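Shown next: data_29.txt, containing compact mmCIF, C-alpha atoms and all ligand atoms.
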```txt
# COMPACT_ATOMS: atom_id res chain seq x y z
CA MET A 94 -30.36 -1.46 1.62
CA THR A 95 -30.75 -1.09 5.39
CA SER A 96 -27.53 -0.16 7.20
CA ILE A 97 -26.64 -1.48 10.61
CA ARG A 98 -25.01 1.13 12.83
CA ILE A 99 -22.27 -0.78 14.62
CA GLY A 100 -19.94 0.15 17.48
CA LEU A 101 -16.69 -1.40 18.66
CA ALA A 102 -15.96 -2.37 22.27
CA GLY A 103 -12.17 -2.69 22.62
CA LEU A 104 -10.02 -0.64 20.25
CA GLY A 105 -7.09 -3.08 20.31
CA THR A 106 -5.53 -5.66 18.01
CA ALA A 107 -8.67 -7.65 17.13
CA GLY A 108 -10.92 -4.58 17.06
CA ARG A 109 -8.85 -3.04 14.29
CA SER A 110 -10.39 -5.46 11.77
CA LEU A 111 -13.88 -4.03 12.26
CA PRO A 112 -13.56 -0.59 10.61
CA GLN A 113 -11.53 -2.17 7.82
CA ALA A 114 -14.20 -4.82 7.20
CA VAL A 115 -17.08 -2.34 7.51
CA ALA A 116 -15.44 -0.16 4.85
CA LYS A 117 -15.56 -3.13 2.45
CA THR A 118 -19.00 -4.49 3.40
CA GLU A 119 -22.32 -3.10 2.28
CA GLY A 120 -24.94 -2.61 4.96
CA TYR A 121 -22.88 -1.27 7.84
CA VAL A 122 -21.89 2.10 9.24
CA PHE A 123 -19.18 2.34 11.89
CA VAL A 124 -20.55 4.81 14.44
CA ALA A 125 -18.82 4.51 17.85
CA GLY A 126 -15.99 3.02 19.87
CA ALA A 127 -15.23 2.34 23.53
CA ASP A 128 -11.92 1.69 25.27
CA LEU A 129 -10.29 2.34 28.63
CA ARG A 130 -7.21 3.75 26.89
CA GLN A 131 -7.38 7.45 26.16
CA GLU A 132 -4.87 7.28 23.28
CA ALA A 133 -6.92 4.62 21.51
CA ARG A 134 -10.11 6.65 21.90
CA GLU A 135 -8.37 9.72 20.51
CA GLN A 136 -6.92 7.82 17.58
CA TYR A 137 -10.31 6.41 16.56
CA ARG A 138 -12.06 9.76 17.07
CA VAL A 139 -9.62 11.45 14.70
CA GLU A 140 -9.26 8.63 12.17
CA PHE A 141 -12.94 7.71 11.82
CA GLY A 142 -14.69 10.87 13.02
CA ILE A 143 -16.76 8.88 15.52
CA PRO A 144 -17.63 9.51 19.16
CA THR A 145 -15.62 7.36 21.56
CA PHE A 146 -16.41 6.39 25.15
CA GLU A 147 -14.45 5.28 28.17
CA SER A 148 -16.88 2.48 28.99
CA VAL A 149 -18.94 0.05 26.95
CA ALA A 150 -22.00 0.95 29.04
CA ALA A 151 -21.67 4.64 28.08
CA MET A 152 -21.37 3.71 24.39
CA CYS A 153 -24.48 1.55 24.65
CA GLU A 154 -26.48 4.58 25.77
CA MET A 155 -26.24 5.88 22.19
CA ARG A 156 -29.75 5.38 20.91
CA GLU A 157 -28.80 5.20 17.25
CA LEU A 158 -26.30 2.38 17.94
CA GLU A 159 -27.82 -0.94 16.79
CA ALA A 160 -25.04 -3.48 17.19
CA VAL A 161 -21.79 -3.94 19.10
CA TYR A 162 -18.72 -6.02 18.26
CA VAL A 163 -17.19 -7.02 21.60
CA ALA A 164 -13.39 -7.28 21.22
CA THR A 165 -12.32 -6.54 24.78
CA PRO A 166 -10.14 -9.02 26.72
CA ASN A 167 -11.69 -12.39 27.50
CA PRO A 168 -12.69 -11.73 31.14
CA HIS A 169 -14.98 -8.88 29.94
CA HIS A 170 -16.85 -10.66 27.16
CA ALA A 171 -19.82 -11.70 29.30
CA GLU A 172 -20.25 -8.33 31.03
CA HIS A 173 -19.90 -6.29 27.82
CA ALA A 174 -22.12 -8.53 25.72
CA ILE A 175 -24.85 -8.54 28.37
CA THR A 176 -24.64 -4.74 28.78
CA ALA A 177 -25.07 -4.31 25.04
CA LEU A 178 -27.90 -6.86 24.77
CA GLU A 179 -29.77 -5.34 27.70
CA SER A 180 -29.43 -1.96 25.98
CA GLY A 181 -31.22 -3.43 22.97
CA LYS A 182 -28.15 -3.89 20.73
CA HIS A 183 -27.32 -6.95 18.66
CA VAL A 184 -23.94 -8.45 19.60
CA MET A 185 -21.01 -10.11 17.87
CA VAL A 186 -18.61 -11.32 20.55
CA GLU A 187 -15.02 -12.43 20.01
CA LYS A 188 -13.84 -15.90 20.95
CA PRO A 189 -13.81 -17.44 23.46
CA MET A 190 -17.43 -16.54 24.14
CA ALA A 191 -16.70 -16.26 27.90
CA LEU A 192 -14.59 -17.88 30.59
CA THR A 193 -17.29 -20.15 32.04
CA LEU A 194 -20.35 -22.03 30.82
CA ALA A 195 -22.43 -20.18 33.44
CA ASP A 196 -21.46 -16.86 31.84
CA CYS A 197 -22.42 -18.27 28.42
CA ASP A 198 -25.86 -19.10 29.86
CA ARG A 199 -26.26 -15.54 31.15
CA MET A 200 -25.37 -14.17 27.71
CA ILE A 201 -27.79 -16.53 25.94
CA ALA A 202 -30.55 -15.55 28.40
CA ALA A 203 -29.88 -11.84 27.82
CA ALA A 204 -30.16 -12.33 24.05
CA ASP A 205 -33.40 -14.30 24.42
CA LYS A 206 -34.92 -11.75 26.78
CA SER A 207 -34.01 -8.74 24.64
CA HIS A 208 -34.91 -10.50 21.34
CA ARG A 209 -31.52 -9.46 19.98
CA LYS A 210 -29.02 -11.52 18.01
CA LEU A 211 -25.92 -12.92 19.69
CA MET A 212 -23.20 -14.26 17.40
CA VAL A 213 -19.84 -15.67 18.50
CA ALA A 214 -17.33 -14.46 15.94
CA HIS A 215 -14.93 -14.67 14.66
CA THR A 216 -13.15 -17.96 14.64
CA ARG A 217 -11.24 -19.39 11.71
CA SER A 218 -14.15 -21.71 10.92
CA PHE A 219 -15.47 -18.70 8.97
CA ASN A 220 -12.46 -18.90 6.62
CA PRO A 221 -13.83 -19.55 3.12
CA PRO A 222 -11.84 -22.79 2.59
CA ILE A 223 -13.23 -24.24 5.83
CA ARG A 224 -16.77 -23.22 4.83
CA LYS A 225 -16.17 -24.80 1.42
CA MET A 226 -15.04 -28.04 3.12
CA ARG A 227 -18.25 -28.04 5.14
CA GLU A 228 -20.30 -27.44 1.98
CA ILE A 229 -18.66 -30.45 0.30
CA VAL A 230 -19.14 -32.60 3.39
CA SER A 231 -22.81 -31.57 3.67
CA SER A 232 -23.42 -32.38 -0.02
CA GLY A 233 -22.69 -36.02 0.86
CA LYS A 234 -20.77 -36.65 -2.36
CA LEU A 235 -17.74 -38.02 -0.49
CA GLY A 236 -19.90 -39.96 1.99
CA GLN A 237 -19.71 -39.62 5.75
CA VAL A 238 -16.79 -37.81 7.42
CA THR A 239 -14.60 -40.34 9.17
CA GLN A 240 -11.96 -38.15 10.78
CA VAL A 241 -10.66 -34.58 10.91
CA HIS A 242 -7.09 -33.56 11.55
CA THR A 243 -6.14 -29.94 12.18
CA LEU A 244 -2.76 -28.66 13.24
CA ARG A 245 -1.31 -25.23 13.82
CA TYR A 246 2.28 -24.32 14.59
CA SER A 247 2.59 -20.57 15.23
CA PRO A 248 4.67 -18.00 17.13
CA TRP A 249 1.62 -17.10 19.30
CA LEU A 250 3.63 -16.85 22.54
CA LEU A 251 6.33 -14.71 20.94
CA ARG A 252 4.04 -11.79 20.06
CA PRO A 253 3.98 -9.08 22.74
CA ARG A 254 1.22 -10.03 25.17
CA GLU A 255 -0.73 -8.24 27.89
CA PRO A 256 -0.59 -10.07 31.27
CA VAL A 257 -4.25 -11.13 30.88
CA GLU A 258 -3.37 -12.99 27.69
CA ILE A 259 -0.88 -15.29 29.39
CA ASN A 260 -2.85 -15.97 32.57
CA THR A 261 -4.96 -19.11 32.21
CA GLU A 262 -7.25 -18.11 35.10
CA LEU A 263 -8.18 -14.97 33.13
CA GLY A 264 -8.75 -16.79 29.86
CA GLY A 265 -5.17 -16.59 28.62
CA GLY A 266 -2.91 -19.18 26.99
CA VAL A 267 -3.56 -21.18 23.87
CA CYS A 268 -6.40 -23.34 25.30
CA TYR A 269 -8.64 -20.29 25.68
CA ARG A 270 -7.18 -18.07 23.00
CA GLN A 271 -6.37 -20.42 20.12
CA ALA A 272 -8.31 -23.64 20.72
CA PRO A 273 -11.67 -21.98 19.88
CA HIS A 274 -10.48 -21.67 16.28
CA GLN A 275 -9.53 -25.33 15.96
CA VAL A 276 -12.50 -26.58 17.98
CA ASP A 277 -14.91 -24.59 15.80
CA ILE A 278 -13.24 -25.97 12.65
CA ALA A 279 -13.40 -29.56 13.93
CA ARG A 280 -16.97 -29.22 15.21
CA LEU A 281 -18.18 -27.63 11.99
CA LEU A 282 -16.64 -30.39 9.87
CA GLY A 283 -17.35 -33.27 12.26
CA GLY A 284 -21.02 -32.46 12.80
CA GLY A 285 -20.84 -30.44 16.00
CA LEU A 286 -21.69 -32.99 18.68
CA VAL A 287 -18.51 -33.86 20.55
CA ARG A 288 -18.99 -36.74 22.98
CA SER A 289 -15.65 -36.66 24.77
CA VAL A 290 -12.18 -35.11 24.87
CA ARG A 291 -8.83 -36.57 25.86
CA ALA A 292 -6.05 -34.01 25.81
CA HIS A 293 -2.72 -32.94 27.10
CA ALA A 294 -1.69 -29.28 27.30
CA GLY A 295 1.88 -28.17 28.03
CA ARG A 296 3.56 -25.18 29.63
CA TRP A 297 7.03 -25.29 28.15
CA SER A 298 7.86 -21.59 27.86
CA PRO A 299 9.86 -20.46 30.91
CA GLU A 300 8.70 -16.83 30.54
CA ASN A 301 5.01 -17.70 30.28
CA ALA A 302 3.19 -19.59 33.04
CA THR A 303 0.39 -20.64 30.72
CA GLU A 304 -0.36 -23.29 28.13
CA GLY A 305 1.64 -22.91 24.94
CA ASN A 306 0.69 -26.19 23.28
CA TYR A 307 -1.83 -29.02 23.35
CA SER A 308 -2.74 -32.26 21.64
CA ALA A 309 -6.40 -33.23 21.82
CA LEU A 310 -8.48 -36.15 20.62
CA LEU A 311 -12.19 -35.41 20.16
CA GLN A 312 -14.73 -38.17 19.74
CA PHE A 313 -18.07 -37.23 18.22
CA GLU A 314 -21.48 -38.82 18.81
CA ASN A 315 -21.60 -39.86 15.13
CA GLY A 316 -18.31 -41.80 15.31
CA VAL A 317 -16.11 -39.07 13.80
CA THR A 318 -12.79 -38.47 15.54
CA ALA A 319 -10.76 -35.26 15.38
CA THR A 320 -7.18 -34.55 16.37
CA LEU A 321 -6.25 -30.99 17.27
CA ILE A 322 -2.58 -30.09 17.55
CA TYR A 323 -1.38 -26.64 18.56
CA ASP A 324 2.16 -25.43 19.22
CA GLY A 325 2.62 -21.70 19.90
CA TYR A 326 6.37 -21.63 20.57
CA GLY A 327 7.30 -20.47 17.08
CA TYR A 328 10.17 -22.71 16.04
CA PHE A 329 8.20 -24.35 13.24
CA ASP A 330 5.46 -22.50 11.36
CA ASP A 331 2.90 -24.54 9.42
CA ARG A 332 2.44 -21.77 6.86
CA GLU A 333 5.46 -23.41 5.24
CA LEU A 334 3.22 -26.36 4.31
CA ILE A 335 1.03 -24.25 2.04
CA GLU A 336 3.13 -21.19 1.24
CA GLY A 337 6.32 -23.04 0.41
CA ASP A 338 9.43 -21.15 1.47
CA ILE A 339 8.44 -18.76 4.25
CA PHE A 340 12.06 -18.17 5.24
CA GLY A 341 13.03 -14.64 4.25
CA GLY A 342 16.24 -12.70 3.66
CA ASP A 343 19.15 -15.02 4.12
CA ARG A 344 16.72 -18.01 4.17
CA GLN A 345 17.71 -18.70 7.74
CA LEU A 346 14.82 -17.14 9.61
CA GLY A 347 11.14 -18.09 9.53
CA PRO A 348 8.32 -16.09 11.16
CA GLY A 349 9.03 -17.30 14.72
CA GLN A 350 12.78 -16.83 14.38
CA ARG A 351 12.27 -13.30 13.05
CA LEU A 352 10.07 -12.43 16.04
CA ARG A 353 12.50 -14.02 18.50
CA LYS A 354 15.40 -12.04 17.01
CA ALA A 355 13.39 -8.78 17.11
CA ARG A 356 12.63 -9.41 20.79
CA GLN A 357 16.28 -10.06 21.58
CA GLU A 358 17.27 -6.86 19.78
CA GLY A 359 14.70 -4.86 21.76
CA LYS A 360 12.73 -3.94 18.64
CA LEU A 361 9.38 -4.97 20.14
CA ASN A 362 7.51 -3.28 22.97
CA LYS A 363 4.18 -4.01 24.62
CA ASP A 364 2.24 -2.14 21.90
CA SER A 365 3.86 -3.92 18.96
CA SER A 366 0.95 -6.35 18.50
CA ARG A 367 -1.67 -3.58 18.48
CA SER A 368 0.41 -1.43 16.13
CA GLY A 369 0.83 -4.34 13.73
CA LEU A 370 4.64 -4.25 13.92
CA ALA A 371 4.92 -7.78 15.36
CA PHE A 372 2.83 -9.16 12.47
CA GLU A 373 4.93 -7.27 9.92
CA ILE A 374 8.12 -8.74 11.35
CA GLU A 375 6.52 -12.18 11.34
CA ARG A 376 5.48 -11.87 7.71
CA GLY A 377 9.03 -10.90 6.71
CA ASP A 378 10.24 -8.93 3.75
CA GLY A 379 7.27 -9.67 1.54
CA ASP A 380 9.05 -11.68 -1.13
CA ALA A 381 9.51 -14.88 0.81
CA GLY A 382 7.43 -17.74 -0.44
CA GLN A 383 4.14 -17.59 -2.24
CA ARG A 384 1.40 -15.95 -0.19
CA PRO A 385 -1.82 -17.95 -0.11
CA ARG A 386 -4.80 -16.18 -1.60
CA GLN A 387 -7.05 -17.54 1.11
CA PRO A 388 -6.67 -17.21 4.89
CA PHE A 389 -4.87 -20.19 6.39
CA PHE A 390 -5.12 -21.35 10.01
CA GLY A 391 -2.96 -24.41 9.91
CA PHE A 392 -3.26 -27.64 8.01
CA THR A 393 -6.72 -29.21 8.10
CA LEU A 394 -7.44 -32.56 6.47
CA VAL A 395 -10.92 -34.05 6.35
CA SER A 396 -11.15 -37.79 5.65
CA CYS A 397 -14.44 -39.07 4.28
CA GLU A 398 -15.70 -42.51 3.26
CA ARG A 399 -14.97 -41.84 -0.44
CA GLY A 400 -12.36 -39.10 -0.43
CA ALA A 401 -10.45 -36.44 1.42
CA ILE A 402 -10.30 -32.62 1.43
CA ARG A 403 -7.61 -30.12 2.30
CA GLN A 404 -6.95 -26.43 1.69
CA SER A 405 -5.14 -25.22 -1.45
CA SER A 406 -3.86 -21.71 -2.29
CA ASP A 407 -7.12 -20.70 -3.97
CA GLY A 408 -9.64 -22.88 -2.19
CA VAL A 409 -9.62 -26.61 -1.46
CA PHE A 410 -8.35 -29.80 -3.06
CA ILE A 411 -10.72 -32.76 -3.23
CA TYR A 412 -9.05 -36.17 -3.49
CA ASP A 413 -11.21 -39.03 -4.73
CA GLU A 414 -10.95 -42.02 -7.04
CA ASN A 415 -10.47 -39.63 -10.00
CA GLY A 416 -7.43 -37.98 -8.45
CA ARG A 417 -7.19 -34.39 -7.23
CA THR A 418 -9.55 -31.53 -8.15
CA GLU A 419 -9.18 -27.94 -6.98
CA VAL A 420 -12.38 -26.10 -6.03
CA PRO A 421 -11.73 -22.36 -5.75
CA CYS A 422 -13.28 -20.13 -3.10
CA PRO A 423 -14.52 -16.59 -3.71
CA ILE A 424 -11.73 -14.03 -3.49
CA TRP A 425 -11.01 -13.31 0.15
CA GLU A 426 -11.26 -9.66 1.11
CA GLY A 427 -9.96 -9.74 4.64
CA PRO A 428 -11.02 -10.69 8.15
CA LEU A 429 -14.59 -10.31 9.44
CA ARG A 430 -16.21 -9.93 5.99
CA VAL A 431 -17.93 -13.34 6.04
CA GLU A 432 -18.90 -12.83 9.66
CA LEU A 433 -20.45 -9.43 8.99
CA GLU A 434 -22.42 -10.86 6.07
CA ASP A 435 -23.85 -13.68 8.23
CA PHE A 436 -24.63 -11.20 10.99
CA TYR A 437 -26.33 -8.83 8.56
CA GLU A 438 -28.68 -11.51 7.26
CA ALA A 439 -29.53 -12.65 10.78
CA VAL A 440 -30.29 -9.11 11.98
CA THR A 441 -32.11 -7.69 8.98
CA GLU A 442 -34.04 -10.83 8.02
CA ASP A 443 -34.53 -12.01 11.59
CA ARG A 444 -32.90 -15.34 10.74
CA PRO A 445 -31.13 -17.62 13.23
CA VAL A 446 -27.47 -16.75 13.78
CA PRO A 447 -25.27 -19.63 12.54
CA HIS A 448 -22.65 -19.36 15.32
CA ASP A 449 -25.04 -18.37 18.08
CA GLY A 450 -24.64 -18.45 21.86
CA LYS A 451 -25.32 -22.17 22.10
CA TRP A 452 -22.70 -22.89 19.45
CA GLY A 453 -20.15 -20.67 21.23
CA LYS A 454 -20.93 -22.31 24.56
CA ALA A 455 -20.45 -25.79 23.07
CA THR A 456 -17.07 -24.71 21.66
CA LEU A 457 -16.04 -23.29 25.03
CA GLU A 458 -17.07 -26.58 26.66
CA VAL A 459 -14.54 -28.40 24.46
CA CYS A 460 -11.80 -25.83 25.23
CA LEU A 461 -12.44 -26.21 28.96
CA ALA A 462 -12.40 -29.99 28.53
CA ILE A 463 -8.93 -29.75 26.96
CA ILE A 464 -7.68 -28.04 30.13
CA GLN A 465 -9.68 -30.38 32.40
CA SER A 466 -8.60 -33.60 30.68
CA SER A 467 -5.00 -32.47 30.79
CA ARG A 468 -5.18 -31.70 34.52
CA ASP A 469 -7.05 -34.90 35.43
CA GLY A 470 -5.16 -37.19 33.09
CA ARG A 471 -8.41 -38.71 31.81
CA GLU A 472 -11.19 -38.32 29.29
CA ALA A 473 -13.73 -35.53 29.81
CA VAL A 474 -17.33 -36.28 28.78
CA LEU A 475 -19.38 -33.39 27.39
CA SER A 476 -23.05 -32.48 27.71
CA HIS A 477 -23.72 -29.09 26.08
CA GLN A 478 -23.04 -29.82 22.42
CA VAL A 479 -25.16 -28.64 19.50
CA PRO A 480 -25.08 -29.74 15.83
CA SER A 481 -23.33 -27.89 12.99
CA PRO A 482 -25.56 -25.05 11.77
CA TYR A 483 -24.96 -25.78 8.06
N1 LIG B 1 -10.57 -13.98 16.32
C1 LIG B 1 -9.29 -13.71 16.26
O1 LIG B 1 -8.57 -14.11 15.35
C2 LIG B 1 -8.71 -12.84 17.35
C3 LIG B 1 -7.44 -12.30 17.23
C4 LIG B 1 -6.95 -11.54 18.28
C5 LIG B 1 -7.75 -11.36 19.41
N2 LIG B 1 -8.98 -11.91 19.48
C6 LIG B 1 -9.84 -11.72 20.66
O2 LIG B 1 -10.13 -10.33 20.77
C7 LIG B 1 -10.17 -9.97 22.13
C8 LIG B 1 -9.19 -8.84 22.37
O3 LIG B 1 -7.88 -9.29 22.08
P1 LIG B 1 -6.79 -8.30 21.51
O4 LIG B 1 -5.66 -9.14 21.08
O5 LIG B 1 -7.40 -7.35 20.55
O6 LIG B 1 -6.38 -7.52 22.85
P2 LIG B 1 -5.90 -6.01 22.99
O7 LIG B 1 -5.39 -5.89 24.37
O8 LIG B 1 -5.04 -5.62 21.84
O9 LIG B 1 -7.26 -5.18 22.84
C9 LIG B 1 -8.24 -5.12 23.86
C10 LIG B 1 -8.69 -3.69 24.01
O10 LIG B 1 -9.73 -3.64 25.00
C11 LIG B 1 -9.47 -2.54 25.86
N3 LIG B 1 -10.13 -2.78 27.15
C12 LIG B 1 -9.68 -3.56 28.17
N4 LIG B 1 -10.59 -3.57 29.17
C13 LIG B 1 -11.63 -2.78 28.76
C14 LIG B 1 -12.84 -2.40 29.37
N5 LIG B 1 -13.20 -2.83 30.59
N6 LIG B 1 -13.66 -1.55 28.71
C15 LIG B 1 -13.30 -1.09 27.46
N7 LIG B 1 -12.14 -1.43 26.84
C16 LIG B 1 -11.33 -2.28 27.49
C17 LIG B 1 -7.96 -2.43 25.94
O11 LIG B 1 -7.56 -1.15 26.34
C18 LIG B 1 -7.56 -2.77 24.50
O12 LIG B 1 -7.50 -1.64 23.67
C19 LIG B 1 -9.87 -11.23 22.93
O13 LIG B 1 -11.09 -11.79 23.31
C20 LIG B 1 -9.18 -12.15 21.95
O14 LIG B 1 -9.41 -13.51 22.21
C21 LIG B 1 -9.47 -12.62 18.47
```

Go ahead and render the structure in this file as structure tokens.
Amino acid sequence: MTSIRIGLAGLGTAGRSLPQAVAKTEGYVFVAGADLRQEAREQYRVEFGIPTFESVAAMCEMRELEAVYVATPNPHHAEHAITALESGKHVMVEKPMALTLADCDRMIAAADKSHRKLMVAHTRSFNPPIRKMREIVSSGKLGQVTQVHTLRYSPWLLRPREPVEINTELGGGVCYRQAPHQVDIARLLGGGLVRSVRAHAGRWSPENATEGNYSALLQFENGVTATLIYDGYGYFDDRELIEGDIFGGDRQLGPGQRLRKARQEGKLNKDSSRSGLAFEIERGDGDAGQRPRQPFFGFTLVSCERGAIRQSSDGVFIYDENGRTEVPCPIWEGPLRVELEDFYEAVTEDRPVPHDGKWGKATLEVCLAIIQSSRDGREAVLSHQVPSPY
């Protein structure tokens, strides 16, 4: 089996998933890393025995490097992806693809010119239950999709954040950072072609001058509607809807309350997201509730002409005239596995990338429309949409 030699741009919170996923996925070797921070470079050099570089451009000079996963902060996605593509590397870039549609076009052009693959990943539309929902929808057995509802209540704003993450102009806040997940889910299930967006985004956290919530209504060309609800203030956590009792210890504190308390007690510092501590505190003592066996990014319900679908602990539930049937998904082995498998097929078999640059650009267009519609107080009409790839 051919192995793809992959490097990591950005040795931070998201980047950490790459070596873990590579270790579990056939067909990859983790060969290099790049980061501005000396301590991160040193840690990766020692832990993985790989060369590390202070800039993405320097890493891309490595001739044996074949692919780069770009997990640097949002304002750098375009520059780092283009540098890698122009150096002849295939690229997987984190969401959002870029900050502007013009930057997306430059990235797509660089991929076309270099004949290299450009994949926008990951978003939670790669979660096996969401892919299973799409498979059921595409089979046609429940008829046409009529509407999609997806909601997420999380403590996103309570996790320690770099300034860039809470500055909307730099791609911060939930419209840039979290909406790509929900938009990808809704577009995948609704057919991809969003006609218009009406939304309202709020800034209700006094410490953070960025969007912490939104409600959006998407209308698709094919008549499907989707509602996207996001609340990142951390008082309610939708994991309760699927995991049952997520309140740990004295049953008083859920994930957001645990994080808020840790902040008040000075137990979190600016590195607590990257070190994983914030997520540990959020998850609690480990015996609260029943952990789902599949990744869960909020409650998604797909209504179809002859049934409905939602996520279950092991896969999805289908509701039709016969009642409820559970369809399990393959055992989930952690983030980025599905993405790496798609990427591998595209690179080694020269197949189209499912979530390519045009898909990522169309998703960004919807995220920008959420901000735009909210500012203008009216519907935003879209023009760069592409259909679901499967
Ligand atoms: N898909 C997901 O579920 C998910 C989750 C978290 C983050 N992300 C995405 O990953 C990206 C990074 O977010 P994060 O939370 O890991 O942030 P982070 O700050 O923890 O990590 C970013 C890393 O990039 C480094 N960096 C910054 N500028 C650089 C440059 N010019 N050259 C090289 N390295 C540079 C930083 O030092 C840091 O180590 C963002 O685009 C974010 O949207 C995605």

- Query: Using only C-alpha atoms and all ligand atoms, what are the residues with an atom within 9 Å of ligand LIG 1 (chain B), set out as a count of residues only?
  - Reply: 57

- Residue neighbourhood segment 242-249 of chain A, 6 Å, all atoms listed in the file, exclusion window fewer than 2 positions, as a list in words: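 In the requested form, the answer reads Leu251, Arg252, Ala319, Thr320, Leu321, Ile322, Tyr323, Asp324, Gly325, Tyr326, Gly327, Asp330, Asp331, Gly349, Gly391, Phe392, Thr393 and Leu394 of chain A.
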
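The list of residues with at least one atom within 7 Å of segment 450-456 of chain A, based on all atoms listed in the file and without residues fewer than 5 positions apart in the same chain, reads Met190, Leu194, Cys197, Ile201, Leu211, Met212, Val213, Pro273, Val276, Asp277, His477, Gln478 and Val479 of chain A.
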
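The residue that comes closest to Gln237 of chain A, out of A:Ile175, A:Cys397, A:Val122, A:Ala202 and on the basis of all atoms listed in the file, is A:Cys397.
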
- Query: Out of A:Ala174, A:Val184, A:Val238, A:Ala292, which residue has the shortest atom-to-atom distance to Ala473 of chain A when counting all atoms listed in the file?
  - Reply: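 Of A:Ala174, A:Val184, A:Val238, A:Ala292, the one nearest Ala473 of chain A is A:Ala292, counting all atoms listed in the file.
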
Atoms are missing here; could segment 448-462 of chain A be completed with N, CA and C atoms and written as a PDB file, keeping the file's coordinate frame?
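Final output, rebuild-v2.pdb:
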```pdb
ATOM      1  N   HIS A 448     -23.496 -19.073  14.154  1.00  0.00           N
ATOM      2  CA  HIS A 448     -22.650 -19.360  15.320  1.00  0.00           C
ATOM      3  C   HIS A 448     -23.214 -18.594  16.513  1.00  0.00           C
ATOM      4  N   ASP A 449     -24.336 -19.095  17.022  1.00  0.00           N
ATOM      5  CA  ASP A 449     -25.040 -18.370  18.080  1.00  0.00           C
ATOM      6  C   ASP A 449     -24.455 -18.690  19.464  1.00  0.00           C
ATOM      7  N   GLY A 450     -25.139 -18.239  20.502  1.00  0.00           N
ATOM      8  CA  GLY A 450     -24.640 -18.450  21.860  1.00  0.00           C
ATOM      9  C   GLY A 450     -24.465 -19.915  22.208  1.00  0.00           C
ATOM     10  N   LYS A 451     -25.416 -20.744  21.757  1.00  0.00           N
ATOM     11  CA  LYS A 451     -25.320 -22.170  22.100  1.00  0.00           C
ATOM     12  C   LYS A 451     -24.123 -22.821  21.402  1.00  0.00           C
ATOM     13  N   TRP A 452     -23.867 -22.376  20.180  1.00  0.00           N
ATOM     14  CA  TRP A 452     -22.700 -22.890  19.450  1.00  0.00           C
ATOM     15  C   TRP A 452     -21.407 -22.461  20.162  1.00  0.00           C
ATOM     16  N   GLY A 453     -21.340 -21.181  20.544  1.00  0.00           N
ATOM     17  CA  GLY A 453     -20.150 -20.670  21.230  1.00  0.00           C
ATOM     18  C   GLY A 453     -19.927 -21.342  22.568  1.00  0.00           C
ATOM     19  N   LYS A 454     -21.031 -21.627  23.258  1.00  0.00           N
ATOM     20  CA  LYS A 454     -20.930 -22.310  24.560  1.00  0.00           C
ATOM     21  C   LYS A 454     -20.397 -23.735  24.357  1.00  0.00           C
ATOM     22  N   ALA A 455     -20.899 -24.417  23.330  1.00  0.00           N
ATOM     23  CA  ALA A 455     -20.450 -25.790  23.070  1.00  0.00           C
ATOM     24  C   ALA A 455     -18.954 -25.810  22.725  1.00  0.00           C
ATOM     25  N   THR A 456     -18.505 -24.787  21.986  1.00  0.00           N
ATOM     26  CA  THR A 456     -17.070 -24.710  21.660  1.00  0.00           C
ATOM     27  C   THR A 456     -16.256 -24.442  22.915  1.00  0.00           C
ATOM     28  N   LEU A 457     -16.757 -23.541  23.764  1.00  0.00           N
ATOM     29  CA  LEU A 457     -16.040 -23.290  25.030  1.00  0.00           C
ATOM     30  C   LEU A 457     -15.988 -24.566  25.874  1.00  0.00           C
ATOM     31  N   GLU A 458     -17.067 -25.336  25.865  1.00  0.00           N
ATOM     32  CA  GLU A 458     -17.070 -26.580  26.660  1.00  0.00           C
ATOM     33  C   GLU A 458     -15.909 -27.487  26.239  1.00  0.00           C
ATOM     34  N   VAL A 459     -15.653 -27.551  24.930  1.00  0.00           N
ATOM     35  CA  VAL A 459     -14.540 -28.400  24.460  1.00  0.00           C
ATOM     36  C   VAL A 459     -13.201 -27.794  24.904  1.00  0.00           C
ATOM     37  N   CYS A 460     -13.064 -26.464  24.814  1.00  0.00           N
ATOM     38  CA  CYS A 460     -11.800 -25.830  25.230  1.00  0.00           C
ATOM     39  C   CYS A 460     -11.548 -26.080  26.724  1.00  0.00           C
ATOM     40  N   LEU A 461     -12.598 -25.953  27.522  1.00  0.00           N
ATOM     41  CA  LEU A 461     -12.440 -26.210  28.960  1.00  0.00           C
ATOM     42  C   LEU A 461     -12.106 -27.675  29.205  1.00  0.00           C
ATOM     43  N   ALA A 462     -12.674 -28.551  28.376  1.00  0.00           N
ATOM     44  CA  ALA A 462     -12.400 -29.990  28.530  1.00  0.00           C
ATOM     45  C   ALA A 462     -10.942 -30.309  28.187  1.00  0.00           C
TER      46      ALA A 462
END
```
